[in-house]
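For reference, model.pdb is printed below; it contains PDB, C-alpha atoms and all ligand atoms.
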```pdb
ATOM      1  CA  MET A  30    -111.071-105.238  28.584
ATOM      2  CA  LYS A  31    -113.308-108.250  28.004
ATOM      3  CA  VAL A  32    -112.821-108.920  24.322
ATOM      4  CA  THR A  33    -112.790-112.698  24.611
ATOM      5  CA  ILE A  34    -116.441-112.930  25.691
ATOM      6  CA  GLU A  35    -118.610-115.096  23.519
ATOM      7  CA  TRP A  36    -121.539-112.933  22.635
ATOM      8  CA  LYS A  37    -125.083-114.248  22.385
ATOM      9  CA  TYR A  38    -125.545-112.464  19.048
ATOM     10  CA  SER A  39    -123.099-113.230  16.271
ATOM     11  CA  GLY A  40    -124.667-111.448  13.288
ATOM     12  CA  ALA A  41    -123.966-108.137  11.597
ATOM     13  CA  ILE A  42    -124.632-104.882  13.442
ATOM     14  CA  PHE A  43    -126.146-101.640  12.169
ATOM     15  CA  ASP A  44    -125.017 -98.590  14.150
ATOM     16  CA  ALA A  45    -127.840 -96.051  13.794
ATOM     17  CA  HIS A  46    -125.966 -93.087  15.292
ATOM     18  CA  THR A  47    -122.404 -92.182  14.252
ATOM     19  CA  HIS A  48    -120.703 -88.868  13.486
ATOM     20  CA  ILE A  49    -118.533 -88.546  10.388
ATOM     21  CA  GLY A  50    -115.843 -85.969   9.782
ATOM     22  CA  HIS A  51    -113.218 -86.324   7.069
ATOM     23  CA  GLU A  52    -110.344 -87.133   9.391
ATOM     24  CA  GLY A  53    -110.089 -90.469  11.164
ATOM     25  CA  LEU A  54    -112.631 -92.129   8.893
ATOM     26  CA  SER A  55    -110.508 -95.082   7.793
ATOM     27  CA  ASN A  56    -109.399 -95.708  11.387
ATOM     28  CA  MET A  57    -113.057 -95.860  12.422
ATOM     29  CA  ILE A  58    -114.019 -98.211   9.607
ATOM     30  CA  ASP A  59    -111.108-100.594  10.315
ATOM     31  CA  ILE A  60    -112.082-100.921  13.974
ATOM     32  CA  GLU A  61    -115.787-101.244  13.184
ATOM     33  CA  GLU A  62    -115.053-104.166  10.873
ATOM     34  CA  LYS A  63    -113.400-106.001  13.763
ATOM     35  CA  PHE A  64    -116.495-105.527  15.915
ATOM     36  CA  GLY A  65    -119.086-106.538  13.346
ATOM     37  CA  ILE A  66    -120.436-103.070  12.513
ATOM     38  CA  ARG A  67    -121.415-103.626   8.874
ATOM     39  CA  LYS A  68    -123.602-100.606   8.209
ATOM     40  CA  GLN A  69    -124.344 -97.320   9.872
ATOM     41  CA  ILE A  70    -126.079 -93.981   9.777
ATOM     42  CA  GLY A  71    -123.352 -91.395   9.315
ATOM     43  CA  ILE A  72    -124.239 -87.899  10.469
ATOM     44  CA  ILE A  73    -122.137 -85.725   8.181
ATOM     45  CA  HIS A  74    -120.228 -82.765   9.567
ATOM     46  CA  THR A  75    -118.287 -81.503   6.539
ATOM     47  CA  PRO A  76    -118.805 -81.706   2.741
ATOM     48  CA  GLU A  77    -115.417 -83.427   2.467
ATOM     49  CA  ALA A  78    -116.627 -86.123   4.853
ATOM     50  CA  LEU A  79    -119.588 -86.893   2.609
ATOM     51  CA  GLU A  80    -117.412 -87.128  -0.512
ATOM     52  CA  LYS A  81    -114.825 -89.294   1.160
ATOM     53  CA  ALA A  82    -117.318 -91.656   2.802
ATOM     54  CA  LYS A  83    -119.392 -91.952  -0.385
ATOM     55  CA  SER A  84    -116.444 -92.718  -2.636
ATOM     56  CA  LYS A  85    -114.425 -94.956  -0.307
ATOM     57  CA  TYR A  86    -117.227 -96.902   1.400
ATOM     58  CA  PRO A  87    -120.244 -96.789  -0.936
ATOM     59  CA  GLU A  88    -122.079 -99.716   0.677
ATOM     60  CA  LYS A  89    -121.478 -98.831   4.281
ATOM     61  CA  PHE A  90    -123.474 -95.691   4.987
ATOM     62  CA  VAL A  91    -126.910 -94.172   5.165
ATOM     63  CA  PHE A  92    -126.156 -90.441   5.285
ATOM     64  CA  ALA A  93    -127.809 -87.884   7.553
ATOM     65  CA  LYS A  94    -127.474 -84.156   6.892
ATOM     66  CA  TYR A  95    -126.848 -82.051   9.979
ATOM     67  CA  LEU A  96    -129.203 -79.058  10.017
ATOM     68  CA  PRO A  97    -127.653 -76.026  11.685
ATOM     69  CA  THR A  98    -128.954 -75.413  15.209
ATOM     70  CA  SER A  99    -127.886 -71.768  14.872
ATOM     71  CA  GLU A 100    -130.480 -71.241  12.092
ATOM     72  CA  THR A 101    -133.226 -73.266  13.729
ATOM     73  CA  ILE A 102    -133.062 -71.299  16.948
ATOM     74  CA  ARG A 103    -133.541 -68.116  14.863
ATOM     75  CA  TYR A 104    -136.587 -69.733  13.205
ATOM     76  CA  ASN A 105    -134.878 -69.367   9.832
ATOM     77  CA  VAL A 106    -137.311 -71.694   8.099
ATOM     78  CA  SER A 107    -136.359 -70.694   4.559
ATOM     79  CA  LYS A 108    -132.775 -71.767   5.289
ATOM     80  CA  LEU A 109    -134.008 -75.092   6.683
ATOM     81  CA  LEU A 110    -136.208 -75.655   3.625
ATOM     82  CA  ASP A 111    -133.209 -74.829   1.376
ATOM     83  CA  GLU A 112    -131.131 -77.399   3.244
ATOM     84  CA  ILE A 113    -133.618 -80.158   2.468
ATOM     85  CA  ALA A 114    -134.514 -79.077  -1.079
ATOM     86  CA  ASN A 115    -131.910 -81.282  -2.786
ATOM     87  CA  LEU A 116    -131.380 -83.814  -0.069
ATOM     88  CA  SER A 117    -131.449 -87.012  -2.085
ATOM     89  CA  GLN A 118    -129.481 -85.569  -5.032
ATOM     90  CA  GLU A 119    -126.765 -84.662  -2.527
ATOM     91  CA  GLY A 120    -126.732 -88.262  -1.316
ATOM     92  CA  PHE A 121    -128.597 -87.890   1.965
ATOM     93  CA  SER A 122    -131.448 -90.069   3.197
ATOM     94  CA  LEU A 123    -132.375 -88.182   6.337
ATOM     95  CA  VAL A 124    -131.628 -85.147   8.513
ATOM     96  CA  LYS A 125    -130.353 -84.633  12.050
ATOM     97  CA  MET A 126    -131.184 -81.846  14.500
ATOM     98  CA  TRP A 127    -129.540 -81.230  17.846
ATOM     99  CA  PHE A 128    -131.003 -79.343  20.772
ATOM    100  CA  GLY A 129    -128.906 -80.263  23.773
ATOM    101  CA  PRO A 130    -129.791 -77.333  26.086
ATOM    102  CA  ARG A 131    -126.171 -76.204  25.980
ATOM    103  CA  TRP A 132    -126.643 -74.869  22.442
ATOM    104  CA  ARG A 133    -127.077 -71.593  24.324
ATOM    105  CA  ASP A 134    -123.401 -71.724  25.228
ATOM    106  CA  TYR A 135    -122.290 -72.162  21.610
ATOM    107  CA  VAL A 136    -124.500 -69.969  19.480
ATOM    108  CA  GLU A 137    -123.593 -66.313  19.283
ATOM    109  CA  HIS A 138    -126.444 -63.893  19.972
ATOM    110  CA  ALA A 139    -128.551 -66.881  20.928
ATOM    111  CA  ASN A 140    -132.298 -66.520  21.034
ATOM    112  CA  ASN A 141    -132.768 -67.705  24.577
ATOM    113  CA  HIS A 142    -136.514 -67.795  24.205
ATOM    114  CA  PHE A 143    -136.344 -70.367  21.433
ATOM    115  CA  ARG A 144    -138.881 -73.146  21.629
ATOM    116  CA  LEU A 145    -138.914 -76.176  19.384
ATOM    117  CA  ASP A 146    -142.709 -76.132  19.402
ATOM    118  CA  ASN A 147    -142.952 -72.507  18.209
ATOM    119  CA  MET A 148    -145.446 -72.338  15.331
ATOM    120  CA  LYS A 149    -142.830 -70.537  13.223
ATOM    121  CA  LEU A 150    -141.120 -73.892  12.651
ATOM    122  CA  ASP A 151    -144.313 -75.568  11.481
ATOM    123  CA  PRO A 152    -143.689 -75.088   7.732
ATOM    124  CA  PHE A 153    -140.461 -77.043   8.153
ATOM    125  CA  PHE A 154    -142.051 -79.859  10.148
ATOM    126  CA  ASN A 155    -144.979 -79.936   7.718
ATOM    127  CA  LYS A 156    -142.605 -80.372   4.797
ATOM    128  CA  ILE A 157    -140.603 -83.249   6.250
ATOM    129  CA  GLU A 158    -143.786 -84.874   7.480
ATOM    130  CA  GLN A 159    -145.372 -84.592   4.048
ATOM    131  CA  ASP A 160    -142.292 -85.908   2.226
ATOM    132  CA  GLN A 161    -141.630 -88.508   4.933
ATOM    133  CA  ILE A 162    -138.030 -87.348   5.330
ATOM    134  CA  PRO A 163    -136.707 -89.123   8.427
ATOM    135  CA  LEU A 164    -135.286 -86.958  11.201
ATOM    136  CA  ILE A 165    -132.938 -87.910  14.030
ATOM    137  CA  ILE A 166    -133.599 -85.454  16.810
ATOM    138  CA  HIS A 167    -131.778 -84.850  20.076
ATOM    139  CA  VAL A 168    -133.737 -82.941  22.712
ATOM    140  CA  GLY A 169    -132.757 -82.698  26.371
ATOM    141  CA  ASP A 170    -129.807 -84.462  27.953
ATOM    142  CA  PRO A 171    -129.107 -86.831  30.864
ATOM    143  CA  ASP A 172    -130.644 -86.089  34.272
ATOM    144  CA  THR A 173    -127.050 -85.869  35.551
ATOM    145  CA  TYR A 174    -126.415 -82.796  33.351
ATOM    146  CA  PHE A 175    -129.513 -81.057  34.670
ATOM    147  CA  GLN A 176    -128.156 -81.519  38.183
ATOM    148  CA  THR A 177    -124.811 -79.974  37.256
ATOM    149  CA  VAL A 178    -124.207 -77.944  34.083
ATOM    150  CA  TYR A 179    -127.895 -77.087  33.599
ATOM    151  CA  SER A 180    -128.708 -76.383  37.228
ATOM    152  CA  ASP A 181    -129.825 -72.850  36.286
ATOM    153  CA  ALA A 182    -133.317 -73.651  35.006
ATOM    154  CA  SER A 183    -133.933 -69.998  34.152
ATOM    155  CA  VAL A 184    -131.363 -70.391  31.349
ATOM    156  CA  TYR A 185    -131.714 -74.013  30.231
ATOM    157  CA  GLY A 186    -135.248 -74.875  31.346
ATOM    158  CA  THR A 187    -136.012 -78.000  33.322
ATOM    159  CA  LYS A 188    -135.640 -81.350  31.613
ATOM    160  CA  LYS A 189    -139.407 -81.734  31.628
ATOM    161  CA  GLU A 190    -139.846 -78.389  29.861
ATOM    162  CA  ASN A 191    -137.349 -79.443  27.203
ATOM    163  CA  LEU A 192    -139.103 -82.767  26.608
ATOM    164  CA  ILE A 193    -142.580 -81.232  26.458
ATOM    165  CA  GLN A 194    -141.541 -79.082  23.494
ATOM    166  CA  LEU A 195    -140.769 -82.205  21.475
ATOM    167  CA  GLU A 196    -143.963 -83.834  22.685
ATOM    168  CA  ASN A 197    -145.938 -80.839  21.394
ATOM    169  CA  VAL A 198    -144.279 -81.134  17.970
ATOM    170  CA  LEU A 199    -145.176 -84.834  17.877
ATOM    171  CA  THR A 200    -148.766 -84.092  18.801
ATOM    172  CA  ARG A 201    -149.075 -81.570  15.958
ATOM    173  CA  HIS A 202    -147.235 -83.787  13.443
ATOM    174  CA  PRO A 203    -148.340 -87.296  14.251
ATOM    175  CA  THR A 204    -146.857 -88.888  11.134
ATOM    176  CA  LEU A 205    -143.349 -87.411  11.387
ATOM    177  CA  LYS A 206    -140.780 -90.137  10.797
ATOM    178  CA  LEU A 207    -138.608 -89.671  13.829
ATOM    179  CA  GLN A 208    -135.630 -91.416  15.380
ATOM    180  CA  ILE A 209    -135.366 -89.899  18.833
ATOM    181  CA  ALA A 210    -131.744 -90.073  19.913
ATOM    182  CA  HIS A 211    -130.540 -91.378  23.264
ATOM    183  CA  PHE A 212    -133.675 -93.373  24.120
ATOM    184  CA  GLY A 213    -135.728 -90.203  23.816
ATOM    185  CA  SER A 214    -133.384 -88.708  26.450
ATOM    186  CA  GLN A 215    -135.359 -90.854  28.898
ATOM    187  CA  PRO A 216    -133.400 -94.019  29.782
ATOM    188  CA  GLU A 217    -133.591 -92.988  33.452
ATOM    189  CA  ILE A 218    -135.834 -95.581  35.083
ATOM    190  CA  HIS A 219    -138.284 -93.031  36.497
ATOM    191  CA  ARG A 220    -138.814 -91.671  32.961
ATOM    192  CA  LEU A 221    -139.649 -94.972  31.245
ATOM    193  CA  GLU A 222    -143.333 -94.558  32.015
ATOM    194  CA  ASN A 223    -143.473 -91.235  30.153
ATOM    195  CA  LEU A 224    -141.408 -92.672  27.302
ATOM    196  CA  SER A 225    -143.789 -95.596  27.080
ATOM    197  CA  SER A 226    -146.715 -93.193  26.763
ATOM    198  CA  TRP A 227    -144.915 -91.475  23.844
ATOM    199  CA  MET A 228    -144.357 -94.849  22.184
ATOM    200  CA  LYS A 229    -148.059 -95.656  22.494
ATOM    201  CA  ARG A 230    -149.289 -92.262  21.329
ATOM    202  CA  PHE A 231    -146.837 -91.863  18.446
ATOM    203  CA  PRO A 232    -146.504 -95.217  16.687
ATOM    204  CA  ASN A 233    -144.222 -93.674  14.039
ATOM    205  CA  ILE A 234    -141.290 -92.889  16.365
ATOM    206  CA  VAL A 235    -138.279 -95.107  17.042
ATOM    207  CA  LEU A 236    -135.529 -94.746  19.655
ATOM    208  CA  ASP A 237    -131.791 -95.212  19.399
ATOM    209  CA  THR A 238    -129.483 -96.440  22.148
ATOM    210  CA  ALA A 239    -126.725 -93.908  21.493
ATOM    211  CA  SER A 240    -124.373 -93.043  24.300
ATOM    212  CA  SER A 241    -123.174 -96.316  25.759
ATOM    213  CA  ARG A 242    -122.391 -94.815  29.154
ATOM    214  CA  TRP A 243    -125.773 -93.090  29.495
ATOM    215  CA  MET A 244    -127.667 -96.281  28.588
ATOM    216  CA  ALA A 245    -125.451 -98.517  30.739
ATOM    217  CA  ARG A 246    -125.571 -96.187  33.732
ATOM    218  CA  GLU A 247    -129.344 -95.753  33.801
ATOM    219  CA  LEU A 248    -130.862 -98.949  32.389
ATOM    220  CA  SER A 249    -128.672-101.036  34.732
ATOM    221  CA  LYS A 250    -130.418 -99.477  37.725
ATOM    222  CA  ASN A 251    -133.532-101.632  37.334
ATOM    223  CA  VAL A 252    -132.983-104.681  35.155
ATOM    224  CA  ASP A 253    -136.600-105.869  35.265
ATOM    225  CA  ALA A 254    -138.101-102.517  34.274
ATOM    226  CA  ALA A 255    -135.522-101.897  31.542
ATOM    227  CA  ARG A 256    -135.817-105.421  30.164
ATOM    228  CA  SER A 257    -139.596-105.380  29.941
ATOM    229  CA  PHE A 258    -139.601-101.920  28.295
ATOM    230  CA  ILE A 259    -137.172-103.088  25.617
ATOM    231  CA  ILE A 260    -139.025-106.338  24.989
ATOM    232  CA  GLU A 261    -142.317-104.451  24.683
ATOM    233  CA  TYR A 262    -140.891-102.058  22.067
ATOM    234  CA  SER A 263    -138.316-104.409  20.574
ATOM    235  CA  ASP A 264    -139.359-103.591  17.012
ATOM    236  CA  ARG A 265    -138.773 -99.825  17.551
ATOM    237  CA  ILE A 266    -135.369 -99.585  19.221
ATOM    238  CA  LEU A 267    -132.193 -99.171  17.128
ATOM    239  CA  PHE A 268    -128.674 -99.889  18.310
ATOM    240  CA  GLY A 269    -126.542 -96.734  18.164
ATOM    241  CA  THR A 270    -123.301 -95.615  19.759
ATOM    242  CA  ASP A 271    -122.725 -91.904  19.036
ATOM    243  CA  VAL A 272    -119.095 -92.704  18.164
ATOM    244  CA  GLY A 273    -117.345 -90.143  16.005
ATOM    245  CA  THR A 274    -114.369 -90.131  13.675
ATOM    246  CA  ASN A 275    -111.193 -88.772  15.158
ATOM    247  CA  ARG A 276    -112.359 -89.103  18.750
ATOM    248  CA  GLY A 277    -110.049 -91.955  19.651
ATOM    249  CA  LYS A 278    -108.191 -95.129  18.845
ATOM    250  CA  ARG A 279    -109.251 -98.729  19.251
ATOM    251  CA  ASP A 280    -109.920 -98.468  23.020
ATOM    252  CA  TYR A 281    -112.403 -95.655  22.541
ATOM    253  CA  TYR A 282    -114.582 -97.671  20.147
ATOM    254  CA  GLU A 283    -114.098-100.991  21.894
ATOM    255  CA  GLY A 284    -115.225 -99.550  25.230
ATOM    256  CA  ARG A 285    -118.506 -98.354  23.733
ATOM    257  CA  TYR A 286    -119.280-101.590  21.874
ATOM    258  CA  VAL A 287    -118.361-103.833  24.806
ATOM    259  CA  ALA A 288    -120.393-101.735  27.270
ATOM    260  CA  GLN A 289    -123.566-102.039  25.202
ATOM    261  CA  ARG A 290    -123.079-105.694  24.367
ATOM    262  CA  LEU A 291    -122.634-106.481  28.066
ATOM    263  CA  LEU A 292    -125.786-104.508  28.790
ATOM    264  CA  TRP A 293    -128.001-106.070  26.107
ATOM    265  CA  GLU A 294    -126.675-109.607  25.825
ATOM    266  CA  THR A 295    -125.388-110.791  29.192
ATOM    267  CA  ASP A 296    -126.516-111.233  32.795
ATOM    268  CA  VAL A 297    -123.399-109.685  34.376
ATOM    269  CA  ARG A 298    -123.899-107.877  37.672
ATOM    270  CA  ASP A 299    -121.989-104.807  38.866
ATOM    271  CA  GLU A 300    -119.547-104.973  35.976
ATOM    272  CA  PRO A 301    -117.553-101.724  35.784
ATOM    273  CA  LEU A 302    -118.142 -99.694  32.622
ATOM    274  CA  PRO A 303    -115.008-100.365  30.513
ATOM    275  CA  PHE A 304    -114.200 -96.650  30.258
ATOM    276  CA  ILE A 305    -114.602 -93.577  32.417
ATOM    277  CA  ASP A 306    -118.043 -92.083  32.912
ATOM    278  CA  LYS A 307    -117.361 -88.438  33.733
ATOM    279  CA  ASP A 308    -120.795 -88.140  35.335
ATOM    280  CA  THR A 309    -120.034 -90.735  38.023
ATOM    281  CA  GLU A 310    -116.257 -90.481  38.216
ATOM    282  CA  ASP A 311    -116.405 -88.738  41.585
ATOM    283  CA  SER A 312    -119.295 -90.727  43.020
ATOM    284  CA  GLY A 313    -118.123 -94.323  42.698
ATOM    285  CA  GLY A 314    -118.360 -95.057  38.972
ATOM    286  CA  THR A 315    -120.816 -96.656  36.563
ATOM    287  CA  PHE A 316    -121.650-100.361  36.703
ATOM    288  CA  ILE A 317    -123.419-102.573  34.221
ATOM    289  CA  ASN A 318    -126.188-105.003  35.065
ATOM    290  CA  GLY A 319    -126.911-107.001  31.914
ATOM    291  CA  LEU A 320    -130.473-107.326  30.590
ATOM    292  CA  ASP A 321    -129.896-110.718  28.951
ATOM    293  CA  LEU A 322    -132.303-109.940  26.098
ATOM    294  CA  PRO A 323    -133.711-112.800  23.998
ATOM    295  CA  LEU A 324    -131.911-113.461  20.716
ATOM    296  CA  GLU A 325    -134.839-112.375  18.533
ATOM    297  CA  VAL A 326    -134.905-109.023  20.366
ATOM    298  CA  LEU A 327    -131.175-108.597  19.754
ATOM    299  CA  GLU A 328    -131.655-109.374  16.052
ATOM    300  CA  ASN A 329    -134.237-106.606  15.856
ATOM    301  CA  ILE A 330    -132.226-104.015  17.760
ATOM    302  CA  TYR A 331    -128.890-104.722  16.096
ATOM    303  CA  TRP A 332    -130.096-105.083  12.512
ATOM    304  CA  ASN A 333    -133.737-105.575  11.505
ATOM    305  CA  ASN A 334    -135.317-102.421  12.942
ATOM    306  CA  ALA A 335    -132.980-100.018  11.149
ATOM    307  CA  HIS A 336    -133.577-101.794   7.846
ATOM    308  CA  ARG A 337    -137.315-101.742   8.292
ATOM    309  CA  PHE A 338    -137.529 -98.121   9.449
ATOM    310  CA  TYR A 339    -135.204 -96.748   6.751
ATOM    311  CA  ASP A 340    -136.433 -99.167   4.087
ATOM    312  CA  ILE A 341    -132.910-100.292   3.133
TER     313      ILE A 341
HETATM  314 ZN    ZN B 401    -124.850 -87.754  18.396
END
```
What do you get writing this file as structure tokens?
Ligand SMILES: [Zn+2]
Amino acid sequence: MKVTIEWKYSGAIFDAHTHIGHEGLSNMIDIEEKFGIRKQIGIIHTPEALEKAKSKYPEKFVFAKYLPTSETIRYNVSKLLDEIANLSQEGFSLVKMWFGPRWRDYVEHANNHFRLDNMKLDPFFNKIEQDQIPLIIHVGDPDTYFQTVYSDASVYGTKKENLIQLENVLTRHPTLKLQIAHFGSQPEIHRLENLSSWMKRFPNIVLDTASSRWMARELSKNVDAARSFIIEYSDRILFGTDVGTNRGKRDYYEGRYVAQRLLWETDVRDEPLPFIDKDTEDSGGTFINGLDLPLEVLENIYWNNAHRFYDI
């Protein structure tokens, strides 16, 4: 793996999308230090994880509370309001919600007719909008999933139908403070136009670049289009990886960091992704074409934007 590259950017990095359990935390932090990750949003998965991260690494984290998908899809608004009632006393700065369409495969007695834009959820969205509680939200998934695991649109909906539900929430709550994960689930080149219209209509939203393979696979397909999108919205895109504690050793983390740094900072062409992309494993693999972003854009994406958006 290319660890001897001299990167264009040499400053500290803020990772705006990481998952924190209580096992594997110190391993993660040790490796992050070697790759310049100085601060991060930690999405907390167990109470022990919060305690451990708070006490051992007090300066490192901005904590996000994971709101249970199983309650949201039942429109259990009182539970959601309970979850956010003591947010800051518990040590959290924001919340995270996840609606990958495959929640239907995990949640028992799932409400298959759930819609994120159902009016029943409005009291919750009103509250976080009013209190300006930031939310990281994941809606949809890669186009590749919709061609394979979600091919039954009668169960999972089309990708467009999934995205429209979030768009409707944004339209009704125009001042929600939202970090939309995974480039708004729209890093595919043919979706950048729609994403750009969201960015124009909803000036309060920011995007993260979580999932190194998804970003590298799709944004590499048209360097000019990807580069001009990122430069246009360079004050509203946050570096993020989606790495999690206990998911792997050094190679796991290194692969994700190197993939994104090659993508953002260099002009490499047809460079193989430094780890396996399951979505292209059987069709030739994923290759990176670097966007060679200007240094001031990198400074924003890697550090400044997260500090400005989260006021830290
Ligand atoms: Zn994630």
Problem set entry | Within 7 Å of ligand ZN 401 (chain B) (only C-alpha atoms and all ligand atoms), residues as JSON, numbers by chain | {"A": [46, 47, 48, 271]}
For this session: Just say which residues the PyMOL selection byres (((chain A and resi 244-259) around 8) and not hetatm) picks in this file, as a list in words.
Result: His211, Pro216, Glu217, Ile218, Leu221, Ser225, Thr238, Ala239, Ser240, Ser241, Arg242, Trp243, Ile260, Glu261, Tyr262, Ser263, Ile266, Ala288, Gln289, Leu292, Leu302, Thr315, Phe316, Ile317, Asn318, Gly319, Leu320 and Leu322 of chain A
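With all atoms listed in the file as the atoms that count, the minimum distance from Ala335 of chain A to the choices A:Thr101, A:Thr173, A:Ser312, A:Gln208 is reached by A:Gln208.
In this structure, atom CA of Glu61 of chain A sits 27.9 Å away from atom CA of Pro97 of chain A.
Matched in the shown structure by the PyMOL selection byres (((chain A and resi 78) around 9) and not hetatm): A:Ile49, A:Gly50, A:His51, A:Glu52, A:Leu54, A:Ile73, A:His74, A:Thr75, A:Pro76, A:Glu77, A:Leu79, A:Glu80, A:Lys81, A:Ala82, A:Lys83.
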Output file for the residues above (C-alpha atoms, as a PDB file, keeping the file's coordinate frame):
```pdb
ATOM      1  CA  ILE A  49    -118.533 -88.546  10.388  1.00  0.00           C
ATOM      2  CA  GLY A  50    -115.843 -85.969   9.782  1.00  0.00           C
ATOM      3  CA  HIS A  51    -113.218 -86.324   7.069  1.00  0.00           C
ATOM      4  CA  GLU A  52    -110.344 -87.133   9.391  1.00  0.00           C
ATOM      5  CA  LEU A  54    -112.631 -92.129   8.893  1.00  0.00           C
ATOM      6  CA  ILE A  73    -122.137 -85.725   8.181  1.00  0.00           C
ATOM      7  CA  HIS A  74    -120.228 -82.765   9.567  1.00  0.00           C
ATOM      8  CA  THR A  75    -118.287 -81.503   6.539  1.00  0.00           C
ATOM      9  CA  PRO A  76    -118.805 -81.706   2.741  1.00  0.00           C
ATOM     10  CA  GLU A  77    -115.417 -83.427   2.467  1.00  0.00           C
ATOM     11  CA  LEU A  79    -119.588 -86.893   2.609  1.00  0.00           C
ATOM     12  CA  GLU A  80    -117.412 -87.128  -0.512  1.00  0.00           C
ATOM     13  CA  LYS A  81    -114.825 -89.294   1.160  1.00  0.00           C
ATOM     14  CA  ALA A  82    -117.318 -91.656   2.802  1.00  0.00           C
ATOM     15  CA  LYS A  83    -119.392 -91.952  -0.385  1.00  0.00           C
TER      16      LYS A  83
END
```
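Picked by the PyMOL selection byres (((chain A and resi 134-151) around 9) and not hetatm) from the coordinates shown: Thr98, Ser99, Thr101, Ile102, Arg103, Tyr104, Asn105, Val106, Phe128, Pro130, Arg131, Trp132, Arg133, Pro152, Phe153, Phe154, Asn155, Lys156, Val184, Tyr185, Asn191, Ile193, Gln194, Leu195, Glu196, Asn197, Val198, Arg201 and His202 of chain A.
Going from atom CA of Lys68 of chain A to atom CA of Asp306 of chain A covers 26.7 Å.
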Seminar exercise, completed: re atom CA of Trp127 of chain A and atom CA of Thr274 of chain A: distance 18.1 Å
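Closest approach to Arg276 of chain A from the set A:Ala114, A:Ile70, A:Leu199, A:Met57 is made by A:Met57, with distances taken over only C-alpha atoms.
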For segment 291-318 of chain A of the block above, can you save C-alpha atoms as a PDB file, in the first residue's frame?
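Dumped everything to out_28.pdb:
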```
ATOM      1  CA  LEU A 291      -5.617   9.621  -3.378  1.00  0.00           C
ATOM      2  CA  LEU A 292      -9.050  10.694  -4.566  1.00  0.00           C
ATOM      3  CA  TRP A 293      -9.012  14.228  -3.133  1.00  0.00           C
ATOM      4  CA  GLU A 294      -5.353  15.193  -3.275  1.00  0.00           C
ATOM      5  CA  THR A 295      -3.683  13.545  -6.257  1.00  0.00           C
ATOM      6  CA  ASP A 296      -4.010  13.248 -10.032  1.00  0.00           C
ATOM      7  CA  VAL A 297      -3.505   9.461 -10.174  1.00  0.00           C
ATOM      8  CA  ARG A 298      -5.311   7.620 -12.955  1.00  0.00           C
ATOM      9  CA  ASP A 299      -6.741   4.096 -12.762  1.00  0.00           C
ATOM     10  CA  GLU A 300      -5.169   3.444  -9.379  1.00  0.00           C
ATOM     11  CA  PRO A 301      -6.682   0.295  -7.840  1.00  0.00           C
ATOM     12  CA  LEU A 302      -8.645   0.889  -4.638  1.00  0.00           C
ATOM     13  CA  PRO A 303      -6.271  -0.322  -1.877  1.00  0.00           C
ATOM     14  CA  PHE A 304      -8.846  -2.793  -0.540  1.00  0.00           C
ATOM     15  CA  ILE A 305     -11.617  -4.936  -1.951  1.00  0.00           C
ATOM     16  CA  ASP A 306     -14.822  -3.305  -3.127  1.00  0.00           C
ATOM     17  CA  LYS A 307     -17.423  -6.056  -2.838  1.00  0.00           C
ATOM     18  CA  ASP A 308     -19.657  -4.226  -5.309  1.00  0.00           C
ATOM     19  CA  THR A 309     -17.127  -4.470  -8.150  1.00  0.00           C
ATOM     20  CA  GLU A 310     -15.169  -7.542  -7.104  1.00  0.00           C
ATOM     21  CA  ASP A 311     -16.719  -9.643  -9.859  1.00  0.00           C
ATOM     22  CA  SER A 312     -16.767  -6.957 -12.532  1.00  0.00           C
ATOM     23  CA  GLY A 313     -13.147  -5.829 -12.699  1.00  0.00           C
ATOM     24  CA  GLY A 314     -12.639  -3.829  -9.501  1.00  0.00           C
ATOM     25  CA  THR A 315     -12.713  -0.198  -8.403  1.00  0.00           C
ATOM     26  CA  PHE A 316     -10.161   2.331  -9.640  1.00  0.00           C
ATOM     27  CA  ILE A 317      -9.337   5.791  -8.404  1.00  0.00           C
ATOM     28  CA  ASN A 318      -8.948   8.845 -10.596  1.00  0.00           C
TER      29      ASN A 318
END
```
